[in-house]
Amino acid sequence: MNKSAIFGLGGCGVNFMNDILSSNSDNYKLVVVSDLDTIDISSGIDKITLNNNTIEDIIKISKSFSEIYIVSGLGGSNSEYLISIIEGLIKNNIKINVICNTPFSWEGKKRNNLSKSILEKLKTFDITLKVFDNDKLKEYIEDDEPIEKAFKMQSNIMYQYILDKDLKNA
C-alpha cells in the first residue's frame with residue numbers, strides 16, 4: 001500500500017496529475033479535487049468533485065496515509081478551497097505538504113492579489129510548503145519551445161520534489 005497520497009486541486013492539479021501519471025507507477029494514491037468543468041482526467045486517478053462533502057471526502061481518504069501532498073495553483077477560483085481543506089486536515093492531525101504555483105504577473109491584479117493572500121494564509125499553518133513561480137517557467141525551455149513543455153517540466157520537477165521528500169522520510 002502507498003504511504004502517501006497526492007491530491008491535485010483545480011486546473012493546476014488536474015494538469016499535474018495527467019503529466020505525472022505515466023511516471024507514478026503506483027507510488028502514490030492520486031486524487032483530483034475539482035469542479036465538474038476541469039475534472040476530465042486520465043484513468044488511474046480518483047476524482048472528488050467540489051461540493052458540500054469535499055473536505056470530509058478528502059479527510060476520509062487521507063486517514064489511510066502517513067502524509068499527503070496537495071498540488072494547487074494559486075489565484076484561481078479553486079485555490080480558495082485550499083485553505084478550508086488544510087484546516088480540515090489539520091483538525092484531523094494529518095501531515096500536509098502543499099506544492100503550489102503562483103500565477104504569471106501578467107494575469108492581472110485580482111488573480112495575483114488572491115494568490116498573495118492565500119500564500120500568506122498558507123504560511124500561518126504548520127505544513128510543509130513549496131512554491132513555484134510561473135514567471136520563471138521560461139527558464140525550463142528554450143525561447144522557441146512552447147510554454148506547454150515548460151508546464152510539463154514543472155510538473156516533473158514537482159513530482160521529483162515529492163519523491164525526494166519521501167525518500168528522505170523513509
# chains A, B, ... in the order shown; residues from 1 in each chain; ligands from 1
call {"tool": "residues_around", "arguments": {"residues": "stretch 123-135 of chain A", "least_positions_apart": "2", "cutoff": "8 Å", "atoms": "only C-alpha atoms", "output": "VMD selection string"}}
result
chain A and resid 95 to 105 119 to 121 137 to 138
call {"tool": "residues_around", "arguments": {"residues": "A:Lys3", "least_positions_apart": "6", "cutoff": "10 Å", "atoms": "only C-alpha atoms", "output": "compact mmCIF listing (two decimals) with N, CA and C atoms, in the first residue's frame"}}
result
# COMPACT_ATOMS: atom_id res chain seq x y z
N ASN A 27 3.24 4.56 -7.15
CA ASN A 27 3.97 5.05 -5.98
C ASN A 27 3.03 5.74 -5.00
N TYR A 28 2.03 6.44 -5.52
CA TYR A 28 1.13 7.26 -4.71
C TYR A 28 -0.31 7.04 -5.14
N LYS A 29 -1.20 7.25 -4.18
CA LYS A 29 -2.63 7.32 -4.50
C LYS A 29 -2.86 8.70 -5.09
N SER A 64 -5.91 7.18 5.60
CA SER A 64 -5.27 5.91 5.25
C SER A 64 -3.78 6.06 4.93
N PHE A 65 -3.26 7.30 4.99
CA PHE A 65 -1.89 7.56 4.57
C PHE A 65 -1.12 8.29 5.65
N SER A 66 0.19 8.08 5.68
CA SER A 66 1.02 8.73 6.70
C SER A 66 1.17 10.22 6.44
N GLU A 67 1.12 10.61 5.19
CA GLU A 67 1.11 12.03 4.86
C GLU A 67 0.51 12.23 3.49
N ILE A 68 0.11 13.47 3.23
CA ILE A 68 -0.47 13.78 1.93
C ILE A 68 0.20 15.00 1.32
N ASP A 166 9.90 12.11 0.14
CA ASP A 166 9.52 10.82 0.73
C ASP A 166 10.74 9.92 0.95
N ALA A 170 11.88 8.21 4.56
CA ALA A 170 11.76 6.73 4.64
C ALA A 170 12.66 6.16 5.72
call {"tool": "residues_around", "arguments": {"residues": "stretch 149-165 of chain A", "least_positions_apart": "6", "cutoff": "7 Å", "atoms": "only C-alpha atoms", "output": "VMD selection string"}}
result
chain A and resid 16 19 to 20 137 to 138 140 to 141
call {"tool": "select_by_dssp", "arguments": {"residues": "stretch 7-159 of chain A", "states": "alpha helix (DSSP H)", "output": "ChimeraX atom specification"}}
result
/A:10-24,54-62,81-91,109-122,147-159
call {"tool": "closest_residue", "arguments": {"among": "A:Gly76, A:Leu82, A:Phe7, A:Asn24", "to": "A:Lys47", "atoms": "only C-alpha atoms"}}
result
A:Phe7
call {"tool": "closest_residue", "arguments": {"among": "A:Ile61, A:Ser23, A:Asn52, A:Gly10", "to": "A:Asp35", "atoms": "only C-alpha atoms"}}
result
A:Gly10
call {"tool": "atom_distance", "arguments": {"atom1": "atom CA of A:Ile83", "atom2": "atom CA of A:Trp106"}}
result
24.5 Å
call {"tool": "atom_distance", "arguments": {"atom1": "atom CA of A:Ile55", "atom2": "atom CA of A:Ile85"}}
result
5.6 Å
call {"tool": "residues_around", "arguments": {"residues": "A:Asn78", "least_positions_apart": "5", "cutoff": "12 Å", "atoms": "only C-alpha atoms", "output": "list in words"}}
result
Gly8, Leu9, Gly10, Gly11, Cys12, Gly13, Val14, Val32, Val33, Ser34, Asp35, Leu36, Asp37, Thr38, Ile39, Thr49, Leu50, Asn51, Val71, Ser72, Gly73, Ile83, Ser84, Ile85, Arg111, Leu114, Ser115 and Ile118 of chain A
call {"tool": "atom_distance", "arguments": {"atom1": "atom CA of A:Glu56", "atom2": "atom CA of A:Ser77"}}
result
20.0 Å
